[in-house]
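What follows is target-v9.csv (CSV, N, CA and C atoms).
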```
chain,number,residue,atom,x,y,z
A,8,MET,N,-5.0,-17.1,81.9
A,8,MET,CA,-4.3,-16.8,80.7
A,8,MET,C,-2.9,-16.4,81.0
A,9,ASN,N,-1.9,-17.0,80.3
A,9,ASN,CA,-0.5,-16.5,80.6
A,9,ASN,C,-0.3,-15.2,79.8
A,10,ALA,N,0.6,-14.4,80.3
A,10,ALA,CA,0.8,-13.0,79.8
A,10,ALA,C,1.2,-13.0,78.3
A,11,LEU,N,2.1,-14.0,78.0
A,11,LEU,CA,2.6,-14.0,76.6
A,11,LEU,C,1.4,-14.3,75.6
A,12,ASN,N,0.6,-15.3,75.9
A,12,ASN,CA,-0.5,-15.6,75.1
A,12,ASN,C,-1.5,-14.5,75.1
A,13,GLY,N,-1.7,-13.9,76.2
A,13,GLY,CA,-2.7,-12.8,76.3
A,13,GLY,C,-2.3,-11.6,75.4
A,14,GLU,N,-1.0,-11.3,75.3
A,14,GLU,CA,-0.5,-10.3,74.4
A,14,GLU,C,-0.8,-10.6,72.9
A,15,ARG,N,-0.7,-11.9,72.6
A,15,ARG,CA,-0.8,-12.3,71.2
A,15,ARG,C,-2.3,-12.6,70.8
A,16,ASN,N,-3.1,-12.9,71.8
A,16,ASN,CA,-4.5,-13.2,71.6
A,16,ASN,C,-4.7,-14.4,70.6
A,17,ILE,N,-4.1,-15.5,70.9
A,17,ILE,CA,-4.2,-16.7,70.1
A,17,ILE,C,-5.0,-17.7,70.8
A,18,GLY,N,-6.2,-17.8,70.5
A,18,GLY,CA,-7.1,-18.6,71.3
A,18,GLY,C,-6.9,-20.1,71.2
A,19,TRP,N,-6.2,-20.6,70.2
A,19,TRP,CA,-6.0,-22.1,70.1
A,19,TRP,C,-4.8,-22.5,70.8
A,20,VAL,N,-4.0,-21.6,71.4
A,20,VAL,CA,-2.8,-22.0,72.2
A,20,VAL,C,-3.2,-22.1,73.6
A,21,PRO,N,-3.0,-23.2,74.3
A,21,PRO,CA,-3.3,-23.3,75.7
A,21,PRO,C,-2.5,-22.4,76.6
A,22,ASP,N,-3.1,-22.1,77.8
A,22,ASP,CA,-2.4,-21.2,78.7
A,22,ASP,C,-1.3,-21.9,79.4
A,23,SER,N,-1.3,-23.2,79.6
A,23,SER,CA,-0.2,-24.0,80.2
A,23,SER,C,-0.2,-25.4,79.7
A,24,GLY,N,0.9,-26.0,79.9
A,24,GLY,CA,1.1,-27.4,79.4
A,24,GLY,C,0.9,-27.5,77.9
A,25,PHE,N,0.2,-28.6,77.5
A,25,PHE,CA,-0.1,-28.7,76.1
A,25,PHE,C,-1.5,-29.4,76.0
A,26,GLN,N,-2.2,-29.2,74.9
A,26,GLN,CA,-3.5,-29.8,74.7
A,26,GLN,C,-3.6,-30.3,73.3
A,27,LEU,N,-4.5,-31.2,73.0
A,27,LEU,CA,-4.8,-31.6,71.7
A,27,LEU,C,-5.9,-30.7,71.1
A,28,ARG,N,-5.7,-30.2,69.9
A,28,ARG,CA,-6.6,-29.3,69.2
A,28,ARG,C,-7.1,-30.0,68.0
A,29,LYS,N,-8.4,-29.9,67.7
A,29,LYS,CA,-8.9,-30.5,66.4
A,29,LYS,C,-8.4,-29.7,65.2
A,30,ALA,N,-7.8,-30.4,64.3
A,30,ALA,CA,-7.3,-29.8,63.1
A,30,ALA,C,-8.5,-29.5,62.2
A,31,GLY,N,-8.4,-28.5,61.3
A,31,GLY,CA,-9.4,-28.1,60.4
A,31,GLY,C,-10.3,-27.0,60.9
A,32,VAL,N,-10.2,-26.6,62.2
A,32,VAL,CA,-11.0,-25.6,62.7
A,32,VAL,C,-10.3,-24.3,62.7
A,33,GLN,N,-9.2,-24.1,63.4
A,33,GLN,CA,-8.4,-22.9,63.4
A,33,GLN,C,-7.1,-23.0,62.6
A,34,PHE,N,-6.8,-24.2,62.3
A,34,PHE,CA,-5.6,-24.5,61.5
A,34,PHE,C,-5.6,-26.0,61.0
A,35,ASP,N,-4.9,-26.3,60.0
A,35,ASP,CA,-4.5,-27.6,59.6
A,35,ASP,C,-3.0,-27.8,60.0
A,36,ALA,N,-2.5,-29.0,60.0
A,36,ALA,CA,-1.1,-29.1,60.4
A,36,ALA,C,-0.5,-30.2,59.4
A,37,VAL,N,0.8,-30.1,59.3
A,37,VAL,CA,1.6,-31.0,58.5
A,37,VAL,C,2.7,-31.5,59.4
A,38,ARG,N,2.9,-32.8,59.5
A,38,ARG,CA,3.9,-33.4,60.4
A,38,ARG,C,5.0,-34.1,59.5
A,39,VAL,N,6.2,-33.8,59.8
A,39,VAL,CA,7.3,-34.5,59.2
A,39,VAL,C,8.2,-35.0,60.3
A,40,ASP,N,8.4,-36.3,60.4
A,40,ASP,CA,9.1,-36.9,61.5
A,40,ASP,C,10.7,-36.8,61.4
A,41,GLY,N,11.3,-36.8,62.6
A,41,GLY,CA,12.8,-36.9,62.7
A,41,GLY,C,13.6,-35.8,62.1
A,42,GLU,N,14.8,-36.2,61.7
A,42,GLU,CA,15.7,-35.2,61.1
A,42,GLU,C,15.2,-34.5,59.9
A,43,ALA,N,14.4,-35.2,59.1
A,43,ALA,CA,13.8,-34.6,57.9
A,43,ALA,C,12.9,-33.4,58.2
A,44,GLY,N,12.2,-33.5,59.3
A,44,GLY,CA,11.3,-32.4,59.8
A,44,GLY,C,12.1,-31.2,60.2
A,45,ARG,N,13.2,-31.5,60.9
A,45,ARG,CA,14.1,-30.4,61.4
A,45,ARG,C,14.8,-29.7,60.2
A,46,ARG,N,15.2,-30.5,59.2
A,46,ARG,CA,15.8,-29.9,58.0
A,46,ARG,C,14.8,-29.1,57.2
A,47,LEU,N,13.5,-29.6,57.2
A,47,LEU,CA,12.5,-28.8,56.5
A,47,LEU,C,12.2,-27.5,57.2
A,48,ALA,N,12.2,-27.5,58.5
A,48,ALA,CA,12.0,-26.2,59.3
A,48,ALA,C,13.1,-25.3,59.0
A,49,ASP,N,14.4,-25.8,58.9
A,49,ASP,CA,15.5,-24.9,58.6
A,49,ASP,C,15.4,-24.3,57.2
A,50,LEU,N,14.9,-25.2,56.2
A,50,LEU,CA,14.7,-24.7,54.9
A,50,LEU,C,13.7,-23.7,54.8
A,51,MET,N,12.6,-23.9,55.5
A,51,MET,CA,11.5,-22.9,55.5
A,51,MET,C,12.0,-21.6,56.0
A,52,GLU,N,12.7,-21.6,57.1
A,52,GLU,CA,13.3,-20.3,57.6
A,52,GLU,C,14.2,-19.6,56.6
A,53,GLU,N,15.0,-20.4,55.9
A,53,GLU,CA,15.8,-19.8,54.9
A,53,GLU,C,15.0,-19.2,53.7
A,54,LEU,N,14.0,-20.0,53.3
A,54,LEU,CA,13.2,-19.5,52.1
A,54,LEU,C,12.4,-18.3,52.4
A,55,VAL,N,11.9,-18.1,53.6
A,55,VAL,CA,11.1,-16.9,53.9
A,55,VAL,C,11.9,-15.8,54.6
A,56,GLY,N,13.2,-16.0,54.8
A,56,GLY,CA,14.1,-15.0,55.3
A,56,GLY,C,13.8,-14.7,56.8
A,57,GLY,N,13.5,-15.7,57.5
A,57,GLY,CA,13.3,-15.5,59.0
A,57,GLY,C,12.2,-16.5,59.5
A,58,GLU,N,11.4,-16.1,60.3
A,58,GLU,CA,10.3,-16.9,60.9
A,58,GLU,C,9.3,-17.3,59.9
A,59,PRO,N,9.1,-18.6,59.7
A,59,PRO,CA,8.1,-19.1,58.7
A,59,PRO,C,6.7,-19.2,59.1
A,60,GLY,N,6.4,-19.0,60.4
A,60,GLY,CA,5.1,-19.2,60.9
A,60,GLY,C,5.2,-20.3,62.0
A,61,PRO,N,4.1,-20.6,62.7
A,61,PRO,CA,4.1,-21.5,63.8
A,61,PRO,C,4.6,-22.9,63.5
A,62,VAL,N,5.6,-23.4,64.2
A,62,VAL,CA,6.2,-24.7,64.0
A,62,VAL,C,6.5,-25.3,65.4
A,63,VAL,N,6.0,-26.5,65.7
A,63,VAL,CA,6.3,-27.2,67.0
A,63,VAL,C,7.2,-28.4,66.7
A,64,THR,N,8.1,-28.6,67.7
A,64,THR,CA,8.9,-29.8,67.6
A,64,THR,C,8.6,-30.7,68.8
A,65,GLU,N,8.8,-32.0,68.6
A,65,GLU,CA,8.6,-33.0,69.6
A,65,GLU,C,9.9,-33.6,70.0
A,66,ALA,N,10.2,-33.8,71.3
A,66,ALA,CA,11.5,-34.2,71.7
A,66,ALA,C,11.6,-35.7,71.9
A,67,ASN,N,10.5,-36.4,71.8
A,67,ASN,CA,10.6,-37.9,72.0
A,67,ASN,C,9.8,-38.6,70.9
A,68,GLY,N,9.7,-39.9,71.0
A,68,GLY,CA,8.9,-40.7,70.0
A,68,GLY,C,9.4,-40.5,68.6
A,69,ARG,N,8.6,-40.2,67.7
A,69,ARG,CA,8.9,-40.0,66.3
A,69,ARG,C,9.7,-38.7,66.1
A,70,ARG,N,9.8,-37.8,67.1
A,70,ARG,CA,10.4,-36.5,67.0
A,70,ARG,C,9.8,-35.7,65.9
A,71,GLY,N,8.5,-35.7,65.9
A,71,GLY,CA,7.8,-35.0,64.9
A,71,GLY,C,8.0,-33.5,64.9
A,72,VAL,N,7.9,-32.9,63.7
A,72,VAL,CA,7.9,-31.4,63.6
A,72,VAL,C,6.5,-31.1,62.9
A,73,TYR,N,5.8,-30.2,63.6
A,73,TYR,CA,4.4,-29.9,63.2
A,73,TYR,C,4.4,-28.4,62.6
A,74,PHE,N,4.0,-28.3,61.3
A,74,PHE,CA,3.9,-27.0,60.7
A,74,PHE,C,2.4,-26.6,60.7
A,75,PHE,N,2.1,-25.5,61.2
A,75,PHE,CA,0.7,-25.1,61.3
A,75,PHE,C,0.4,-24.2,60.1
A,76,VAL,N,-0.6,-24.6,59.3
A,76,VAL,CA,-1.0,-23.9,58.1
A,76,VAL,C,-2.5,-23.5,58.2
A,77,PRO,N,-2.9,-22.6,57.3
A,77,PRO,CA,-4.3,-22.2,57.4
A,77,PRO,C,-5.3,-23.4,57.3
A,78,PRO,N,-6.4,-23.3,58.0
A,78,PRO,CA,-7.4,-24.4,57.9
A,78,PRO,C,-7.9,-24.6,56.5
A,79,GLY,N,-8.0,-25.9,56.1
A,79,GLY,CA,-8.5,-26.2,54.8
A,79,GLY,C,-7.5,-26.2,53.7
A,80,SER,N,-6.3,-25.8,54.0
A,80,SER,CA,-5.3,-25.6,53.0
A,80,SER,C,-4.5,-26.9,52.6
A,81,THR,N,-4.7,-28.0,53.4
A,81,THR,CA,-3.9,-29.2,53.1
A,81,THR,C,-4.6,-30.2,52.2
A,82,ALA,N,-5.9,-30.1,52.2
A,82,ALA,CA,-6.7,-31.1,51.4
A,82,ALA,C,-6.5,-30.9,49.9
A,83,HIS,N,-6.7,-32.0,49.1
A,83,HIS,CA,-6.7,-31.9,47.7
A,83,HIS,C,-5.3,-31.4,47.1
A,84,ARG,N,-4.3,-31.7,47.8
A,84,ARG,CA,-2.9,-31.4,47.3
A,84,ARG,C,-2.0,-32.6,47.4
A,85,CYS,N,-1.1,-32.7,46.5
A,85,CYS,CA,-0.1,-33.8,46.5
A,85,CYS,C,1.0,-33.5,47.5
A,86,TRP,N,1.2,-34.3,48.4
A,86,TRP,CA,2.3,-34.2,49.4
A,86,TRP,C,3.3,-35.4,49.3
A,87,PRO,N,4.5,-35.2,49.6
A,87,PRO,CA,5.4,-36.3,49.6
A,87,PRO,C,5.0,-37.4,50.6
A,88,ARG,N,5.3,-38.6,50.4
A,88,ARG,CA,4.8,-39.7,51.3
A,88,ARG,C,5.3,-39.6,52.7
A,89,GLU,N,6.4,-38.9,53.0
A,89,GLU,CA,6.9,-38.8,54.3
A,89,GLU,C,6.1,-37.8,55.2
A,90,VAL,N,5.2,-37.1,54.5
A,90,VAL,CA,4.4,-36.0,55.2
A,90,VAL,C,3.1,-36.6,55.7
A,91,THR,N,2.8,-36.3,56.9
A,91,THR,CA,1.5,-36.7,57.5
A,91,THR,C,0.6,-35.4,57.6
A,92,ILE,N,-0.6,-35.5,56.9
A,92,ILE,CA,-1.5,-34.4,56.9
A,92,ILE,C,-2.5,-34.5,58.1
A,93,LEU,N,-2.7,-33.5,58.8
A,93,LEU,CA,-3.6,-33.4,59.9
A,93,LEU,C,-4.6,-32.4,59.7
A,94,ASN,N,-5.8,-32.8,59.3
A,94,ASN,CA,-6.9,-31.9,59.0
A,94,ASN,C,-8.3,-32.6,59.3
A,95,ALA,N,-9.3,-32.0,58.9
A,95,ALA,CA,-10.7,-32.6,59.1
A,95,ALA,C,-11.3,-32.6,57.8
A,96,THR,N,-11.6,-33.8,57.3
A,96,THR,CA,-12.3,-34.0,56.0
A,96,THR,C,-13.4,-35.0,56.2
A,97,ARG,N,-14.1,-35.3,55.2
A,97,ARG,CA,-15.2,-36.2,55.3
A,97,ARG,C,-14.7,-37.5,55.9
A,98,ASN,N,-15.3,-38.0,57.0
A,98,ASN,CA,-14.9,-39.3,57.6
A,98,ASN,C,-13.5,-39.3,58.2
A,99,ARG,N,-13.0,-38.1,58.5
A,99,ARG,CA,-11.6,-38.0,59.1
A,99,ARG,C,-11.5,-36.9,60.1
A,100,VAL,N,-11.0,-37.2,61.3
A,100,VAL,CA,-10.8,-36.1,62.2
A,100,VAL,C,-9.3,-36.3,62.8
A,101,SER,N,-8.6,-35.3,62.8
A,101,SER,CA,-7.2,-35.3,63.3
A,101,SER,C,-7.1,-34.4,64.5
A,102,TYR,N,-6.2,-34.7,65.4
A,102,TYR,CA,-5.9,-33.9,66.6
A,102,TYR,C,-4.4,-33.6,66.6
A,103,VAL,N,-4.1,-32.4,66.9
A,103,VAL,CA,-2.7,-31.9,66.9
A,103,VAL,C,-2.3,-31.4,68.3
A,104,PRO,N,-1.1,-31.9,68.8
A,104,PRO,CA,-0.7,-31.4,70.1
A,104,PRO,C,-0.2,-29.9,70.0
A,105,VAL,N,-0.7,-29.1,70.9
A,105,VAL,CA,-0.3,-27.7,70.9
A,105,VAL,C,0.2,-27.3,72.2
A,106,PRO,N,1.5,-26.8,72.4
A,106,PRO,CA,2.0,-26.5,73.7
A,106,PRO,C,1.7,-25.0,74.0
A,107,ALA,N,1.7,-24.7,75.3
A,107,ALA,CA,1.6,-23.3,75.7
A,107,ALA,C,2.9,-22.5,75.2
A,108,LEU,N,2.8,-21.2,75.2
A,108,LEU,CA,3.9,-20.4,74.7
A,108,LEU,C,5.1,-20.4,75.7
A,109,GLU,N,4.8,-20.7,77.0
A,109,GLU,CA,5.9,-20.8,78.0
A,109,GLU,C,5.5,-21.7,79.1
A,110,GLY,N,6.5,-22.1,79.9
A,110,GLY,CA,6.2,-23.0,81.0
A,110,GLY,C,6.6,-24.4,80.6
A,111,ARG,N,6.0,-25.4,81.4
A,111,ARG,CA,6.3,-26.8,81.2
A,111,ARG,C,5.5,-27.4,80.1
A,112,THR,N,6.1,-27.7,78.9
A,112,THR,CA,5.4,-28.2,77.8
A,112,THR,C,6.1,-29.5,77.2
A,113,TRP,N,7.1,-30.0,77.9
A,113,TRP,CA,7.8,-31.1,77.4
A,113,TRP,C,6.9,-32.3,77.2
A,114,PRO,N,7.0,-33.0,76.1
A,114,PRO,CA,8.1,-33.1,75.1
A,114,PRO,C,7.9,-32.1,73.9
A,115,LEU,N,7.0,-31.2,74.0
A,115,LEU,CA,6.7,-30.3,72.9
A,115,LEU,C,7.4,-28.9,73.2
A,116,SER,N,7.8,-28.2,72.1
A,116,SER,CA,8.2,-26.9,72.2
A,116,SER,C,8.0,-26.1,70.9
A,117,TRP,N,7.9,-24.8,71.0
A,117,TRP,CA,7.8,-24.0,69.8
A,117,TRP,C,9.1,-23.7,69.2
A,118,ARG,N,9.3,-24.2,68.0
A,118,ARG,CA,10.5,-23.8,67.3
A,118,ARG,C,10.4,-22.4,66.8
A,119,TYR,N,9.2,-22.1,66.3
A,119,TYR,CA,8.8,-20.7,65.9
A,119,TYR,C,7.4,-20.5,66.4
A,120,PRO,N,7.2,-19.7,67.5
A,120,PRO,CA,5.9,-19.6,68.1
A,120,PRO,C,5.0,-18.7,67.2
A,121,PRO,N,3.7,-18.9,67.4
A,121,PRO,CA,2.8,-18.0,66.6
A,121,PRO,C,2.9,-16.6,67.1
A,122,THR,N,2.8,-15.7,66.1
A,122,THR,CA,2.9,-14.3,66.4
A,122,THR,C,1.6,-13.5,66.3
A,123,ALA,N,0.6,-14.1,65.7
A,123,ALA,CA,-0.7,-13.5,65.5
A,123,ALA,C,-1.7,-14.6,65.3
A,124,PRO,N,-3.0,-14.4,65.6
A,124,PRO,CA,-4.0,-15.5,65.4
A,124,PRO,C,-4.1,-16.0,64.0
A,125,ASP,N,-3.9,-15.2,63.0
A,125,ASP,CA,-4.1,-15.6,61.6
A,125,ASP,C,-2.8,-15.7,60.9
A,126,ARG,N,-1.6,-15.8,61.6
A,126,ARG,CA,-0.3,-16.0,60.9
A,126,ARG,C,0.1,-17.4,60.9
A,127,PHE,N,0.2,-18.1,59.7
A,127,PHE,CA,0.5,-19.5,59.6
A,127,PHE,C,1.7,-19.7,58.6
A,128,VAL,N,2.2,-20.9,58.6
A,128,VAL,CA,3.1,-21.3,57.6
A,128,VAL,C,2.4,-21.2,56.2
A,129,HIS,N,3.1,-20.8,55.2
A,129,HIS,CA,2.5,-20.7,53.9
A,129,HIS,C,2.5,-22.1,53.2
A,130,THR,N,1.3,-22.6,52.9
A,130,THR,CA,1.1,-23.9,52.5
A,130,THR,C,1.9,-24.3,51.2
A,131,LEU,N,1.8,-23.4,50.2
A,131,LEU,CA,2.4,-23.7,48.9
A,131,LEU,C,3.9,-23.7,49.0
A,132,ILE,N,4.5,-22.8,49.8
A,132,ILE,CA,5.9,-22.7,50.0
A,132,ILE,C,6.4,-24.0,50.8
A,133,LEU,N,5.6,-24.4,51.7
A,133,LEU,CA,5.9,-25.7,52.5
A,133,LEU,C,5.8,-26.9,51.6
A,134,ILE,N,4.8,-27.0,50.7
A,134,ILE,CA,4.8,-28.1,49.7
A,134,ILE,C,6.0,-28.1,48.9
A,135,SER,N,6.4,-27.0,48.3
A,135,SER,CA,7.6,-26.9,47.4
A,135,SER,C,8.8,-27.3,48.2
A,136,ALA,N,9.0,-26.8,49.4
A,136,ALA,CA,10.2,-27.1,50.2
A,136,ALA,C,10.2,-28.6,50.5
A,137,ALA,N,9.1,-29.1,50.9
A,137,ALA,CA,9.0,-30.6,51.3
A,137,ALA,C,9.4,-31.4,50.0
A,138,GLU,N,8.8,-31.1,48.9
A,138,GLU,CA,9.2,-31.8,47.7
A,138,GLU,C,10.6,-31.7,47.4
A,139,SER,N,11.2,-30.5,47.4
A,139,SER,CA,12.6,-30.3,47.2
A,139,SER,C,13.5,-31.1,48.1
A,140,LEU,N,13.2,-31.1,49.4
A,140,LEU,CA,14.0,-31.7,50.4
A,140,LEU,C,13.8,-33.3,50.4
A,141,LEU,N,12.5,-33.7,50.3
A,141,LEU,CA,12.2,-35.1,50.5
A,141,LEU,C,12.4,-35.9,49.2
A,142,TYR,N,12.2,-35.3,48.1
A,142,TYR,CA,12.4,-36.0,46.8
A,142,TYR,C,13.8,-36.1,46.4
A,143,SER,N,14.7,-35.2,46.9
A,143,SER,CA,16.1,-35.2,46.5
A,143,SER,C,16.7,-36.6,46.9
A,144,GLY,N,17.4,-37.2,45.9
A,144,GLY,CA,18.0,-38.5,46.2
A,144,GLY,C,17.2,-39.7,46.1
A,145,ARG,N,15.9,-39.6,45.6
A,145,ARG,CA,15.1,-40.8,45.4
A,145,ARG,C,14.3,-40.5,44.1
A,146,ASP,N,13.8,-41.6,43.5
A,146,ASP,CA,13.0,-41.6,42.3
A,146,ASP,C,11.7,-41.1,42.6
A,147,ARG,N,11.1,-40.3,41.8
A,147,ARG,CA,9.7,-39.7,42.0
A,147,ARG,C,8.7,-40.7,41.6
```
Translate this structure into structure tokens?
Amino acid sequence: MNALNGERNIGWVPDSGFQLRKAGVQFDAVRVDGEAGRRLADLMEELVGGEPGPVVTEANGRRGVYFFVPPGSTAHRCWPREVTILNATRNRVSYVPVPALEGRTWPLSWRYPPTAPDRFVHTLILISAAESLLYSGRDR
């Protein structure tokens, strides 16, 4: 166990590199790709006055931004079409890439690392921010 993760006692974060974790167990996740995801992370930081909860960015491919929310909090909610929901529901299993808190984790990195095992991005604030950002400039 690396020292940083040991101090925070966050069991779903790997000790080194990165691993896929099953969504819906210890967290659900919301992914927004590209520049829209980065703008959404900036907006979340602004809305909550600092660190919004665990957020991971991806440096290649779709350049996804993953927002970690409480398990079970993404289902049965209306999300903008640009948002990908990663959870576990009937007949569906999703896996989320989770990097270690330090060391070699490329292409993933923590934009906002987790600070406690039960500290997540607030789902309702995230939905509102996503709607505000992603719906602006297009018809609903």
From the set A:Ser80, A:Gly44, A:Glu65, A:Glu53, which residue has the shortest atom-to-atom contact distance to Pro106 (chain A), counting only C-alpha atoms?
-> A:Glu65
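Compared by their closest atoms to Leu140 (chain A), and using all atoms listed in the file, the residues A:Val20, A:Leu27, A:Leu115, A:Ala43 rank with A:Ala43 nearest.
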List every protein, DNA or RNA residue that has at least one atom no more than 7 Å from (0.2, -26.4, 75.7) in the file's coordinates, counting only N, CA and C atoms, and write the result as a PDB file with N, CA and C atoms, keeping the file's coordinate frame.
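Output (result-v8.pdb):
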```pdb
ATOM      1  N   VAL A  20      -4.000 -21.600  71.400  1.00  0.00           N
ATOM      2  CA  VAL A  20      -2.800 -22.000  72.200  1.00  0.00           C
ATOM      3  C   VAL A  20      -3.200 -22.100  73.600  1.00  0.00           C
ATOM      4  N   PRO A  21      -3.000 -23.200  74.300  1.00  0.00           N
ATOM      5  CA  PRO A  21      -3.300 -23.300  75.700  1.00  0.00           C
ATOM      6  C   PRO A  21      -2.500 -22.400  76.600  1.00  0.00           C
ATOM      7  N   ASP A  22      -3.100 -22.100  77.800  1.00  0.00           N
ATOM      8  CA  ASP A  22      -2.400 -21.200  78.700  1.00  0.00           C
ATOM      9  C   ASP A  22      -1.300 -21.900  79.400  1.00  0.00           C
ATOM     10  N   SER A  23      -1.300 -23.200  79.600  1.00  0.00           N
ATOM     11  CA  SER A  23      -0.200 -24.000  80.200  1.00  0.00           C
ATOM     12  C   SER A  23      -0.200 -25.400  79.700  1.00  0.00           C
ATOM     13  N   GLY A  24       0.900 -26.000  79.900  1.00  0.00           N
ATOM     14  CA  GLY A  24       1.100 -27.400  79.400  1.00  0.00           C
ATOM     15  C   GLY A  24       0.900 -27.500  77.900  1.00  0.00           C
ATOM     16  N   PHE A  25       0.200 -28.600  77.500  1.00  0.00           N
ATOM     17  CA  PHE A  25      -0.100 -28.700  76.100  1.00  0.00           C
ATOM     18  C   PHE A  25      -1.500 -29.400  76.000  1.00  0.00           C
ATOM     19  N   GLN A  26      -2.200 -29.200  74.900  1.00  0.00           N
ATOM     20  CA  GLN A  26      -3.500 -29.800  74.700  1.00  0.00           C
ATOM     21  C   GLN A  26      -3.600 -30.300  73.300  1.00  0.00           C
ATOM     22  N   PRO A 104      -1.100 -31.900  68.800  1.00  0.00           N
ATOM     23  CA  PRO A 104      -0.700 -31.400  70.100  1.00  0.00           C
ATOM     24  C   PRO A 104      -0.200 -29.900  70.000  1.00  0.00           C
ATOM     25  N   VAL A 105      -0.700 -29.100  70.900  1.00  0.00           N
ATOM     26  CA  VAL A 105      -0.300 -27.700  70.900  1.00  0.00           C
ATOM     27  C   VAL A 105       0.200 -27.300  72.200  1.00  0.00           C
ATOM     28  N   PRO A 106       1.500 -26.800  72.400  1.00  0.00           N
ATOM     29  CA  PRO A 106       2.000 -26.500  73.700  1.00  0.00           C
ATOM     30  C   PRO A 106       1.700 -25.000  74.000  1.00  0.00           C
ATOM     31  N   ALA A 107       1.700 -24.700  75.300  1.00  0.00           N
ATOM     32  CA  ALA A 107       1.600 -23.300  75.700  1.00  0.00           C
ATOM     33  C   ALA A 107       2.900 -22.500  75.200  1.00  0.00           C
ATOM     34  N   LEU A 108       2.800 -21.200  75.200  1.00  0.00           N
ATOM     35  CA  LEU A 108       3.900 -20.400  74.700  1.00  0.00           C
ATOM     36  C   LEU A 108       5.100 -20.400  75.700  1.00  0.00           C
ATOM     37  N   ARG A 111       6.000 -25.400  81.400  1.00  0.00           N
ATOM     38  CA  ARG A 111       6.300 -26.800  81.200  1.00  0.00           C
ATOM     39  C   ARG A 111       5.500 -27.400  80.100  1.00  0.00           C
ATOM     40  N   THR A 112       6.100 -27.700  78.900  1.00  0.00           N
ATOM     41  CA  THR A 112       5.400 -28.200  77.800  1.00  0.00           C
ATOM     42  C   THR A 112       6.100 -29.500  77.200  1.00  0.00           C
TER      43      THR A 112
END
```
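When all atoms listed in the file are used to measure the gap to Gly71 (chain A), the shortest distance among A:Asp49, A:Glu58, A:Glu42, A:Asp35 belongs to A:Glu42.
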Correct to one decimal, the distance atom C of Asn67 (chain A)-CA of Tyr119 (chain A) is 18.6 Å
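Minimum atom-to-atom distance to Ile17 (chain A), evaluated using only N, CA and C atoms, belongs to A:Thr122 out of A:Leu131, A:Thr122, A:Arg84, A:Leu141.
Put simply, CA of Leu54 (chain A) is 14.7 Å away from CA of Phe74 (chain A).
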